[in-house]
Amino acid sequence: MGTSGAKPGSKPERERLRHQLLAAGSSPARIAVEMAGRWQFNPRQAWRYTHGLSQTAVAARCNDLLGDPRAPMTGKRISEYEAWPQRGIRPTIHVLALLARVYGTVPRALLGEDELPLLPEPERLMLDQLPPAEPPAPPPASGRLDAAAVRAAAHASGAHAELAEVTEVGAITLEQLDHDVVQLARSSILTQPEEIFGELVRVRDRVFRLLQRRAHPAQQSHLHLLAGQTCGLLASASMELGCYGAAAEQSRAAWVYAEIIGHHGLKAWLRGTQALIAFWSGNPREAAHLAKAGREYLRHGTGFVRLCNIESRAWAYLGDVRETRTVIGLGHHAREQVTEPDELHDLVGGEFGFDEARQSFCNAGAWVQVGKPVLAIEAAERALRLYATDAERNRRYGGEASTRLEMTDGYLAVRELDAADVALDPVISTPATAGVAHLATRLSDICTTLDTAPYRNSREARELAERIRAHPALAGP
């Protein structure tokens, strides 16, 4: 349960203080004084809270000490003793002595200075003559335990379980955060990164705040997963914005959380993201090794396919046709295998996913890079067919435009200028594509191709180059 708006002296606050003082070696009497002074508890409340007991647990211990099978003490009666003198029932000298035995103190310690005058004079005189509470008696020499000792052990277990049950993280809060992360992951492929960056930071910061609260181990693990996911999405967004140093730092932070909980799916995704960061930072060999390392965490499924395709782009850039062909083949083989859906890559999906259209787009880029334009064109055509059949809400932002750029390179490589013009026209005929990642660089590269042999003397090539340079991504302010 959350503690937002909790009154001073709430259970989580009391338990935090109690453990801090116990760890510092404070005595029960010192803790009781601190409880009373900090939150204005009366001494009977302060001593009960010092031992972390509920009113029911105190009543049970009183009954054990009394040895009365009728169990005259109840949690309600303890509540009435604690409510006095404003309301409730005044504890007699015998009740104070009994409670003192439960708490390990003297009866006088259970009364405040303003309460003492309210006792009858004979009881006030008797208070100072009562001996301190005795420690619990050891088990009989025979080794046999009586029923009271067994019940006392059970009460101690119950009290500890009561403490362990306390949490400051609610189930509904975790459910909302899960929803937020899923929505952000899916929105990440539909919109430009600057549109959701602020919301990613907000959700991440909320997760960080919850990680500072008391939570059950399963809740802590859940929060670490959410922290890893949000930092991972921020790494991807930072990379799309061209801030590769920030992207790398976000990915390392996300890795820490994935490592804490041993989440192989998130580790695999992060290795792939780190590979992409390295690739676009100009380190294709490091990218290839990072993507390959990610395959240690997933041997099949969507995450494995993604890693193979990231690796193929890196090997292609390095000009290694054999490795490029090998990992592309591994990716297709993995796609064909029937496996259980992966929680991160398939069920959350979005930026964490990797569909067949994306795979075909990556294949096209790799084949162009290693001088296999026919294979590149075939892969690009397959990607465009898949994008055309996908529901709009499932399409990756800029996916079709990026695919058409790879297709254009393929057609230019086989000297089919008219086909290249047709493939590129939907990209350069609208300013809406200006936010596609690396668009300016790719369009500049195509212009360079059109300005060299065999196209430099072609009027059609010059006209296409002029149309490309008029696009807002290249036209400048």
# chains A, B, ... in the order shown; residues from 1 in each chain; ligands from 1

$ residues_around --residues "Arg204 in chain A" --least-positions-apart "3" --cutoff "6 Å" --atoms "only C-alpha atoms" --output "list in words"
Val201, Val207 and Thr230 of chain A

$ write_last_selection --atoms "C-alpha atoms" --output "JSON list (two decimals), in the first residue's frame"
[["chain", "number", "residue", "atom", "x", "y", "z"],
["A", 201, "VAL", "CA", 11.47, 10.92, -18.17],
["A", 207, "VAL", "CA", 9.81, 4.46, -10.84],
["A", 230, "THR", "CA", 12.27, 3.16, -19.22]]

$ residues_around --residues "range 314-320 of chain A" --least-positions-apart "5" --cutoff "8 Å" --atoms "only C-alpha atoms" --output "PDB file with N, CA, C and O atoms, in the first residue's frame"
ATOM      1  N   PHE A 279      26.960   1.359 -33.944  1.00  0.00           N
ATOM      2  CA  PHE A 279      26.912   1.411 -35.415  1.00  0.00           C
ATOM      3  C   PHE A 279      26.752   2.849 -35.898  1.00  0.00           C
ATOM      4  O   PHE A 279      27.514   3.328 -36.747  1.00  0.00           O
ATOM      5  N   PRO A 284      31.228   0.079 -36.485  1.00  0.00           N
ATOM      6  CA  PRO A 284      30.501  -1.116 -36.927  1.00  0.00           C
ATOM      7  C   PRO A 284      31.053  -2.420 -36.366  1.00  0.00           C
ATOM      8  O   PRO A 284      30.288  -3.354 -36.103  1.00  0.00           O
ATOM      9  N   ARG A 285      32.367  -2.508 -36.164  1.00  0.00           N
ATOM     10  CA  ARG A 285      32.921  -3.760 -35.643  1.00  0.00           C
ATOM     11  C   ARG A 285      32.467  -3.985 -34.192  1.00  0.00           C
ATOM     12  O   ARG A 285      32.106  -5.097 -33.822  1.00  0.00           O
ATOM     13  N   ALA A 287      29.764  -2.824 -33.020  1.00  0.00           N
ATOM     14  CA  ALA A 287      28.339  -3.120 -33.143  1.00  0.00           C
ATOM     15  C   ALA A 287      28.115  -4.600 -33.420  1.00  0.00           C
ATOM     16  O   ALA A 287      27.225  -5.231 -32.828  1.00  0.00           O
ATOM     17  N   ALA A 288      28.916  -5.167 -34.319  1.00  0.00           N
ATOM     18  CA  ALA A 288      28.772  -6.585 -34.645  1.00  0.00           C
ATOM     19  C   ALA A 288      29.027  -7.460 -33.430  1.00  0.00           C
ATOM     20  O   ALA A 288      28.286  -8.425 -33.161  1.00  0.00           O
ATOM     21  N   ALA A 366      21.361  -4.330 -45.663  1.00  0.00           N
ATOM     22  CA  ALA A 366      22.582  -5.132 -45.642  1.00  0.00           C
ATOM     23  C   ALA A 366      22.977  -5.568 -47.053  1.00  0.00           C
ATOM     24  O   ALA A 366      24.161  -5.507 -47.432  1.00  0.00           O
ATOM     25  N   TRP A 367      21.998  -6.004 -47.848  1.00  0.00           N
ATOM     26  CA  TRP A 367      22.316  -6.492 -49.200  1.00  0.00           C
ATOM     27  C   TRP A 367      22.828  -5.353 -50.081  1.00  0.00           C
ATOM     28  O   TRP A 367      23.745  -5.551 -50.893  1.00  0.00           O
ATOM     29  N   GLN A 369      24.553  -2.819 -49.037  1.00  0.00           N
ATOM     30  CA  GLN A 369      25.893  -2.493 -48.553  1.00  0.00           C
ATOM     31  C   GLN A 369      26.948  -3.449 -49.090  1.00  0.00           C
ATOM     32  O   GLN A 369      28.091  -3.049 -49.348  1.00  0.00           O
ATOM     33  N   VAL A 370      26.594  -4.733 -49.246  1.00  0.00           N
ATOM     34  CA  VAL A 370      27.588  -5.713 -49.717  1.00  0.00           C
ATOM     35  C   VAL A 370      27.516  -5.931 -51.227  1.00  0.00           C
ATOM     36  O   VAL A 370      28.084  -6.891 -51.755  1.00  0.00           O
TER      37      VAL A 370
END

$ residues_around --residues "Leu190 in chain A" --least-positions-apart "2" --cutoff "9 Å" --atoms "only C-alpha atoms" --output "PyMOL selection string"
chain A and resi 186-188+192+350+393-398

$ closest_residue --among "A:Glu168, A:Thr56, A:Ala154, A:Glu416" --to "Arg16 in chain A" --atoms "only C-alpha atoms"
A:Glu168

$ closest_residue --among "A:Glu343, A:Glu463, A:Glu199, A:Glu351" --to "Arg306 in chain A" --atoms "only C-alpha atoms"
A:Glu351

$ closest_residue --among "A:Thr173, A:Asn42, A:Gln55, A:Thr273" --to "Ala83 in chain A" --atoms "only C-alpha atoms"
A:Asn42

$ residues_around --residues "Thr50 in chain A" --least-positions-apart "3" --cutoff "8 Å" --atoms "only C-alpha atoms" --output "NGL selection string"
:A and (18 or 28 or 31-32 or 35 or 46-47 or 53)

$ residues_around --residues "Phe304 in chain A" --least-positions-apart "3" --cutoff "8 Å" --atoms "only C-alpha atoms" --output "NGL selection string"
:A and (268 or 295 or 298-301 or 307-308 or 331 or 334)

$ write_last_selection --atoms "N, CA, C and O atoms" --output "PDB file, in the first residue's frame"
ATOM      1  N   ALA A 268      19.242  -8.965 -23.682  1.00  0.00           N
ATOM      2  CA  ALA A 268      19.401  -9.172 -25.122  1.00  0.00           C
ATOM      3  C   ALA A 268      19.001  -7.921 -25.894  1.00  0.00           C
ATOM      4  O   ALA A 268      19.696  -7.484 -26.828  1.00  0.00           O
ATOM      5  N   ARG A 295      23.211 -12.486 -28.354  1.00  0.00           N
ATOM      6  CA  ARG A 295      22.628 -13.800 -28.657  1.00  0.00           C
ATOM      7  C   ARG A 295      22.938 -14.837 -27.590  1.00  0.00           C
ATOM      8  O   ARG A 295      22.380 -15.930 -27.601  1.00  0.00           O
ATOM      9  N   LEU A 298      19.486 -14.851 -25.597  1.00  0.00           N
ATOM     10  CA  LEU A 298      18.295 -15.385 -26.264  1.00  0.00           C
ATOM     11  C   LEU A 298      18.741 -16.251 -27.430  1.00  0.00           C
ATOM     12  O   LEU A 298      19.501 -15.791 -28.284  1.00  0.00           O
ATOM     13  N   ARG A 299      18.254 -17.474 -27.481  1.00  0.00           N
ATOM     14  CA  ARG A 299      18.646 -18.405 -28.543  1.00  0.00           C
ATOM     15  C   ARG A 299      17.588 -18.549 -29.626  1.00  0.00           C
ATOM     16  O   ARG A 299      17.779 -19.287 -30.597  1.00  0.00           O
ATOM     17  N   HIS A 300      16.472 -17.888 -29.461  1.00  0.00           N
ATOM     18  CA  HIS A 300      15.375 -18.027 -30.417  1.00  0.00           C
ATOM     19  C   HIS A 300      14.420 -16.858 -30.248  1.00  0.00           C
ATOM     20  O   HIS A 300      14.600 -16.005 -29.377  1.00  0.00           O
ATOM     21  N   GLY A 301      13.386 -16.826 -31.071  1.00  0.00           N
ATOM     22  CA  GLY A 301      12.341 -15.828 -30.922  1.00  0.00           C
ATOM     23  C   GLY A 301      12.667 -14.468 -31.508  1.00  0.00           C
ATOM     24  O   GLY A 301      13.701 -14.259 -32.152  1.00  0.00           O
ATOM     25  N   LEU A 307      18.594  -9.258 -33.058  1.00  0.00           N
ATOM     26  CA  LEU A 307      20.050  -9.231 -32.908  1.00  0.00           C
ATOM     27  C   LEU A 307      20.754  -9.656 -34.190  1.00  0.00           C
ATOM     28  O   LEU A 307      21.762  -9.062 -34.583  1.00  0.00           O
ATOM     29  N   CYS A 308      20.228 -10.677 -34.846  1.00  0.00           N
ATOM     30  CA  CYS A 308      20.838 -11.136 -36.103  1.00  0.00           C
ATOM     31  C   CYS A 308      20.816 -10.035 -37.155  1.00  0.00           C
ATOM     32  O   CYS A 308      21.798  -9.843 -37.896  1.00  0.00           O
ATOM     33  N   GLY A 331      18.648 -15.310 -38.842  1.00  0.00           N
ATOM     34  CA  GLY A 331      17.458 -14.547 -38.503  1.00  0.00           C
ATOM     35  C   GLY A 331      16.207 -15.120 -39.138  1.00  0.00           C
ATOM     36  O   GLY A 331      15.161 -15.231 -38.493  1.00  0.00           O
ATOM     37  N   ALA A 334      15.267 -18.404 -37.430  1.00  0.00           N
ATOM     38  CA  ALA A 334      14.646 -18.167 -36.129  1.00  0.00           C
ATOM     39  C   ALA A 334      13.211 -17.673 -36.288  1.00  0.00           C
ATOM     40  O   ALA A 334      12.328 -18.030 -35.505  1.00  0.00           O
TER      41      ALA A 334
END

$ atom_distance --atom1 "CA of Glu240 in chain A" --atom2 "CA of Ala440 in chain A"
13.3 Å

$ atom_distance --atom1 "CA of Ala419 in chain A" --atom2 "CA of Ile328 in chain A"
25.8 Å

$ select_by_dssp --residues "range 246-438 of chain A" --states "alpha helix (DSSP H)" --output "MDAnalysis selection string"
chainID A and resid 246:261 264:280 284:294 301:317 321:336 356:369 373:389 399:413 417:428

$ residues_around --residues "Leu118 in chain A" --least-positions-apart "3" --cutoff "12 Å" --atoms "only C-alpha atoms" --output "list in words"
Trp84, Pro85, Gln86, Arg90, Pro91, Thr92, Leu111, Gly112, Glu113, Asp114, Glu115, Glu121, Pro122, Glu123 and Arg124 of chain A

$ write_last_selection --atoms "N, CA and C atoms" --output "CSV table (one decimal), in the first residue's frame"
chain,number,residue,atom,x,y,z
A,84,TRP,N,-7.0,5.8,27.0
A,84,TRP,CA,-7.2,6.6,28.3
A,84,TRP,C,-6.0,7.6,28.5
A,85,PRO,N,-6.3,8.8,29.0
A,85,PRO,CA,-7.5,9.3,29.7
A,85,PRO,C,-8.5,10.0,28.9
A,86,GLN,N,-8.2,10.3,27.6
A,86,GLN,CA,-9.2,11.1,26.8
A,86,GLN,C,-10.5,10.3,26.7
A,90,ARG,N,-9.3,3.2,32.2
A,90,ARG,CA,-8.0,3.4,33.0
A,90,ARG,C,-7.4,2.1,33.3
A,91,PRO,N,-6.1,1.9,33.0
A,91,PRO,CA,-5.4,0.6,33.3
A,91,PRO,C,-5.2,0.6,34.8
A,92,THR,N,-5.5,-0.5,35.4
A,92,THR,CA,-5.3,-0.7,36.9
A,92,THR,C,-3.8,-1.0,37.1
A,111,LEU,N,3.1,5.1,32.1
A,111,LEU,CA,2.3,6.3,32.4
A,111,LEU,C,3.0,7.6,32.2
A,112,GLY,N,2.3,8.5,31.6
A,112,GLY,CA,2.9,9.9,31.4
A,112,GLY,C,2.8,10.7,32.6
A,113,GLU,N,3.5,11.8,32.7
A,113,GLU,CA,3.5,12.7,33.8
A,113,GLU,C,2.1,13.2,34.1
A,114,ASP,N,1.4,13.5,33.0
A,114,ASP,CA,0.0,14.1,33.2
A,114,ASP,C,-1.0,13.0,33.5
A,115,GLU,N,-0.6,11.7,33.4
A,115,GLU,CA,-1.5,10.6,33.7
A,115,GLU,C,-1.4,10.2,35.2
A,121,GLU,N,-4.5,7.3,44.9
A,121,GLU,CA,-3.3,7.4,45.7
A,121,GLU,C,-2.7,6.1,46.1
A,122,PRO,N,-3.4,5.1,46.5
A,122,PRO,CA,-2.8,3.8,46.9
A,122,PRO,C,-2.0,3.2,45.7
A,123,GLU,N,-2.6,3.3,44.5
A,123,GLU,CA,-1.9,2.7,43.3
A,123,GLU,C,-0.6,3.5,43.0
A,124,ARG,N,-0.7,4.9,43.2
A,124,ARG,CA,0.5,5.7,42.9
A,124,ARG,C,1.6,5.3,43.8

$ closest_residue --among "A:Thr74, A:Ser27, A:Asn283, A:Ser251" --to "His51 in chain A" --atoms "only C-alpha atoms"
A:Ser27

$ atom_distance --atom1 "CA of Pro8 in chain A" --atom2 "CA of Gly37 in chain A"
12.2 Å

$ residues_around --residues "range 359-364 of chain A" --least-positions-apart "3" --cutoff "8 Å" --atoms "only C-alpha atoms" --output "list in words"
Val305, Arg306, Asn309, Ile310, Ser312, Arg313, Ile328, Phe354, Asp355, Glu356, Trp367, Val368, Leu375, Ala376, Ile377, Glu378, Ala379, Ala380, Arg382, Ala383, Gly399, Ser402, Thr403, Glu406 and Met407 of chain A

$ closest_residue --among "A:Cys243, A:Leu417, A:Leu443, A:Ala109" --to "Ala36 in chain A" --atoms "only C-alpha atoms"
A:Ala109

$ closest_residue --among "A:Arg202, A:Arg404, A:Arg415, A:Arg214" --to "Gly365 in chain A" --atoms "only C-alpha atoms"
A:Arg404

$ decode --residues "range 171-187 of chain A" --atoms "all heavy atoms" --output "PDB file, in the first residue's frame"
ATOM      1  N   ALA A 171      -0.292  -2.364  -5.583  1.00  0.00           N
ATOM      2  CA  ALA A 171      -0.486  -3.161  -6.806  1.00  0.00           C
ATOM      3  C   ALA A 171      -1.031  -2.308  -7.942  1.00  0.00           C
ATOM      4  O   ALA A 171      -0.648  -2.479  -9.108  1.00  0.00           O
ATOM      5  CB  ALA A 171      -1.426  -4.332  -6.513  1.00  0.00           C
ATOM      6  N   ILE A 172      -1.932  -1.388  -7.621  1.00  0.00           N
ATOM      7  CA  ILE A 172      -2.510  -0.534  -8.659  1.00  0.00           C
ATOM      8  C   ILE A 172      -1.448   0.398  -9.243  1.00  0.00           C
ATOM      9  O   ILE A 172      -1.430   0.680 -10.449  1.00  0.00           O
ATOM     10  CB  ILE A 172      -3.684   0.285  -8.087  1.00  0.00           C
ATOM     11  CG1 ILE A 172      -4.786  -0.653  -7.589  1.00  0.00           C
ATOM     12  CG2 ILE A 172      -4.243   1.233  -9.143  1.00  0.00           C
ATOM     13  CD1 ILE A 172      -5.345  -1.571  -8.642  1.00  0.00           C
ATOM     14  N   THR A 173      -0.538   0.846  -8.402  1.00  0.00           N
ATOM     15  CA  THR A 173       0.554   1.698  -8.888  1.00  0.00           C
ATOM     16  C   THR A 173       1.416   0.953  -9.899  1.00  0.00           C
ATOM     17  O   THR A 173       1.752   1.486 -10.960  1.00  0.00           O
ATOM     18  CB  THR A 173       1.423   2.167  -7.709  1.00  0.00           C
ATOM     19  OG1 THR A 173       0.622   2.944  -6.826  1.00  0.00           O
ATOM     20  CG2 THR A 173       2.594   3.004  -8.191  1.00  0.00           C
ATOM     21  N   LEU A 174       1.769  -0.291  -9.569  1.00  0.00           N
ATOM     22  CA  LEU A 174       2.578  -1.092 -10.501  1.00  0.00           C
ATOM     23  C   LEU A 174       1.813  -1.367 -11.790  1.00  0.00           C
ATOM     24  O   LEU A 174       2.384  -1.351 -12.888  1.00  0.00           O
ATOM     25  CB  LEU A 174       2.989  -2.402  -9.835  1.00  0.00           C
ATOM     26  CG  LEU A 174       4.009  -2.281  -8.699  1.00  0.00           C
ATOM     27  CD1 LEU A 174       4.225  -3.628  -8.026  1.00  0.00           C
ATOM     28  CD2 LEU A 174       5.336  -1.737  -9.218  1.00  0.00           C
ATOM     29  N   GLU A 175       0.524  -1.627 -11.653  1.00  0.00           N
ATOM     30  CA  GLU A 175      -0.299  -1.875 -12.847  1.00  0.00           C
ATOM     31  C   GLU A 175      -0.325  -0.650 -13.752  1.00  0.00           C
ATOM     32  O   GLU A 175      -0.221  -0.765 -14.982  1.00  0.00           O
ATOM     33  CB  GLU A 175      -1.717  -2.236 -12.399  1.00  0.00           C
ATOM     34  CG  GLU A 175      -2.659  -2.606 -13.539  1.00  0.00           C
ATOM     35  CD  GLU A 175      -4.042  -2.991 -13.044  1.00  0.00           C
ATOM     36  OE1 GLU A 175      -4.137  -3.608 -11.963  1.00  0.00           O
ATOM     37  OE2 GLU A 175      -5.025  -2.670 -13.740  1.00  0.00           O
ATOM     38  N   GLN A 176      -0.444   0.536 -13.159  1.00  0.00           N
ATOM     39  CA  GLN A 176      -0.449   1.765 -13.950  1.00  0.00           C
ATOM     40  C   GLN A 176       0.894   1.980 -14.642  1.00  0.00           C
ATOM     41  O   GLN A 176       0.945   2.383 -15.813  1.00  0.00           O
ATOM     42  CB  GLN A 176      -0.768   2.959 -13.051  1.00  0.00           C
ATOM     43  CG  GLN A 176      -0.806   4.306 -13.788  1.00  0.00           C
ATOM     44  CD  GLN A 176      -1.877   4.342 -14.859  1.00  0.00           C
ATOM     45  OE1 GLN A 176      -3.024   4.008 -14.594  1.00  0.00           O
ATOM     46  NE2 GLN A 176      -1.510   4.731 -16.070  1.00  0.00           N
ATOM     47  N   LEU A 177       1.975   1.715 -13.930  1.00  0.00           N
ATOM     48  CA  LEU A 177       3.298   1.882 -14.533  1.00  0.00           C
ATOM     49  C   LEU A 177       3.521   0.887 -15.666  1.00  0.00           C
ATOM     50  O   LEU A 177       4.136   1.230 -16.681  1.00  0.00           O
ATOM     51  CB  LEU A 177       4.379   1.733 -13.460  1.00  0.00           C
ATOM     52  CG  LEU A 177       4.492   2.908 -12.488  1.00  0.00           C
ATOM     53  CD1 LEU A 177       5.393   2.549 -11.314  1.00  0.00           C
ATOM     54  CD2 LEU A 177       5.027   4.145 -13.201  1.00  0.00           C
ATOM     55  N   ASP A 178       3.059  -0.339 -15.492  1.00  0.00           N
ATOM     56  CA  ASP A 178       3.141  -1.312 -16.589  1.00  0.00           C
ATOM     57  C   ASP A 178       2.423  -0.771 -17.818  1.00  0.00           C
ATOM     58  O   ASP A 178       2.934  -0.852 -18.951  1.00  0.00           O
ATOM     59  CB  ASP A 178       2.502  -2.642 -16.185  1.00  0.00           C
ATOM     60  CG  ASP A 178       3.419  -3.500 -15.337  1.00  0.00           C
ATOM     61  OD1 ASP A 178       4.650  -3.329 -15.437  1.00  0.00           O
ATOM     62  OD2 ASP A 178       2.918  -4.350 -14.580  1.00  0.00           O
ATOM     63  N   HIS A 179       1.221  -0.251 -17.592  1.00  0.00           N
ATOM     64  CA  HIS A 179       0.436   0.317 -18.701  1.00  0.00           C
ATOM     65  C   HIS A 179       1.199   1.465 -19.356  1.00  0.00           C
ATOM     66  O   HIS A 179       1.269   1.548 -20.599  1.00  0.00           O
ATOM     67  CB  HIS A 179      -0.907   0.809 -18.160  1.00  0.00           C
ATOM     68  CG  HIS A 179      -1.709   1.580 -19.156  1.00  0.00           C
ATOM     69  ND1 HIS A 179      -2.468   0.975 -20.147  1.00  0.00           N
ATOM     70  CD2 HIS A 179      -1.865   2.930 -19.348  1.00  0.00           C
ATOM     71  CE1 HIS A 179      -3.050   1.904 -20.888  1.00  0.00           C
ATOM     72  NE2 HIS A 179      -2.701   3.090 -20.424  1.00  0.00           N
ATOM     73  N   ASP A 180       1.769   2.349 -18.548  1.00  0.00           N
ATOM     74  CA  ASP A 180       2.497   3.498 -19.089  1.00  0.00           C
ATOM     75  C   ASP A 180       3.671   3.059 -19.955  1.00  0.00           C
ATOM     76  O   ASP A 180       3.899   3.612 -21.047  1.00  0.00           O
ATOM     77  CB  ASP A 180       3.008   4.376 -17.947  1.00  0.00           C
ATOM     78  CG  ASP A 180       1.890   5.100 -17.211  1.00  0.00           C
ATOM     79  OD1 ASP A 180       0.768   5.148 -17.741  1.00  0.00           O
ATOM     80  OD2 ASP A 180       2.141   5.598 -16.101  1.00  0.00           O
ATOM     81  N   VAL A 181       4.424   2.072 -19.476  1.00  0.00           N
ATOM     82  CA  VAL A 181       5.602   1.621 -20.225  1.00  0.00           C
ATOM     83  C   VAL A 181       5.195   0.959 -21.538  1.00  0.00           C
ATOM     84  O   VAL A 181       5.822   1.186 -22.579  1.00  0.00           O
ATOM     85  CB  VAL A 181       6.454   0.666 -19.365  1.00  0.00           C
ATOM     86  CG1 VAL A 181       7.527  -0.003 -20.215  1.00  0.00           C
ATOM     87  CG2 VAL A 181       7.109   1.431 -18.223  1.00  0.00           C
ATOM     88  N   VAL A 182       4.145   0.151 -21.510  1.00  0.00           N
ATOM     89  CA  VAL A 182       3.671  -0.484 -22.748  1.00  0.00           C
ATOM     90  C   VAL A 182       3.250   0.583 -23.758  1.00  0.00           C
ATOM     91  O   VAL A 182       3.612   0.516 -24.942  1.00  0.00           O
ATOM     92  CB  VAL A 182       2.503  -1.446 -22.453  1.00  0.00           C
ATOM     93  CG1 VAL A 182       1.842  -1.899 -23.758  1.00  0.00           C
ATOM     94  CG2 VAL A 182       2.996  -2.660 -21.681  1.00  0.00           C
ATOM     95  N   GLN A 183       2.486   1.570 -23.286  1.00  0.00           N
ATOM     96  CA  GLN A 183       2.040   2.627 -24.192  1.00  0.00           C
ATOM     97  C   GLN A 183       3.206   3.419 -24.761  1.00  0.00           C
ATOM     98  O   GLN A 183       3.233   3.763 -25.946  1.00  0.00           O
ATOM     99  CB  GLN A 183       1.085   3.571 -23.452  1.00  0.00           C
ATOM    100  CG  GLN A 183      -0.255   2.943 -23.085  1.00  0.00           C
ATOM    101  CD  GLN A 183      -0.995   2.432 -24.310  1.00  0.00           C
ATOM    102  OE1 GLN A 183      -1.171   1.215 -24.484  1.00  0.00           O
ATOM    103  NE2 GLN A 183      -1.411   3.321 -25.168  1.00  0.00           N
ATOM    104  N   LEU A 184       4.203   3.693 -23.930  1.00  0.00           N
ATOM    105  CA  LEU A 184       5.364   4.445 -24.400  1.00  0.00           C
ATOM    106  C   LEU A 184       6.196   3.633 -25.387  1.00  0.00           C
ATOM    107  O   LEU A 184       6.704   4.170 -26.377  1.00  0.00           O
ATOM    108  CB  LEU A 184       6.216   4.879 -23.204  1.00  0.00           C
ATOM    109  CG  LEU A 184       5.634   6.020 -22.368  1.00  0.00           C
ATOM    110  CD1 LEU A 184       6.382   6.164 -21.055  1.00  0.00           C
ATOM    111  CD2 LEU A 184       5.674   7.329 -23.152  1.00  0.00           C
ATOM    112  N   ALA A 185       6.337   2.342 -25.114  1.00  0.00           N
ATOM    113  CA  ALA A 185       7.098   1.485 -26.030  1.00  0.00           C
ATOM    114  C   ALA A 185       6.428   1.432 -27.393  1.00  0.00           C
ATOM    115  O   ALA A 185       7.097   1.449 -28.438  1.00  0.00           O
ATOM    116  CB  ALA A 185       7.216   0.072 -25.447  1.00  0.00           C
ATOM    117  N   ARG A 186       5.101   1.373 -27.391  1.00  0.00           N
ATOM    118  CA  ARG A 186       4.377   1.305 -28.666  1.00  0.00           C
ATOM    119  C   ARG A 186       4.292   2.665 -29.351  1.00  0.00           C
ATOM    120  O   ARG A 186       4.308   2.744 -30.587  1.00  0.00           O
ATOM    121  CB  ARG A 186       2.984   0.722 -28.426  1.00  0.00           C
ATOM    122  CG  ARG A 186       3.059  -0.731 -27.961  1.00  0.00           C
ATOM    123  CD  ARG A 186       1.716  -1.311 -27.582  1.00  0.00           C
ATOM    124  NE  ARG A 186       1.873  -2.690 -27.090  1.00  0.00           N
ATOM    125  CZ  ARG A 186       0.886  -3.431 -26.607  1.00  0.00           C
ATOM    126  NH1 ARG A 186      -0.346  -2.942 -26.547  1.00  0.00           N
ATOM    127  NH2 ARG A 186       1.130  -4.662 -26.176  1.00  0.00           N
ATOM    128  N   SER A 187       4.230   3.730 -28.556  1.00  0.00           N
ATOM    129  CA  SER A 187       4.221   5.074 -29.142  1.00  0.00           C
ATOM    130  C   SER A 187       5.573   5.429 -29.746  1.00  0.00           C
ATOM    131  O   SER A 187       5.651   6.232 -30.674  1.00  0.00           O
ATOM    132  CB  SER A 187       3.850   6.107 -28.079  1.00  0.00           C
ATOM    133  OG  SER A 187       2.547   5.894 -27.583  1.00  0.00           O
TER     134      SER A 187
END
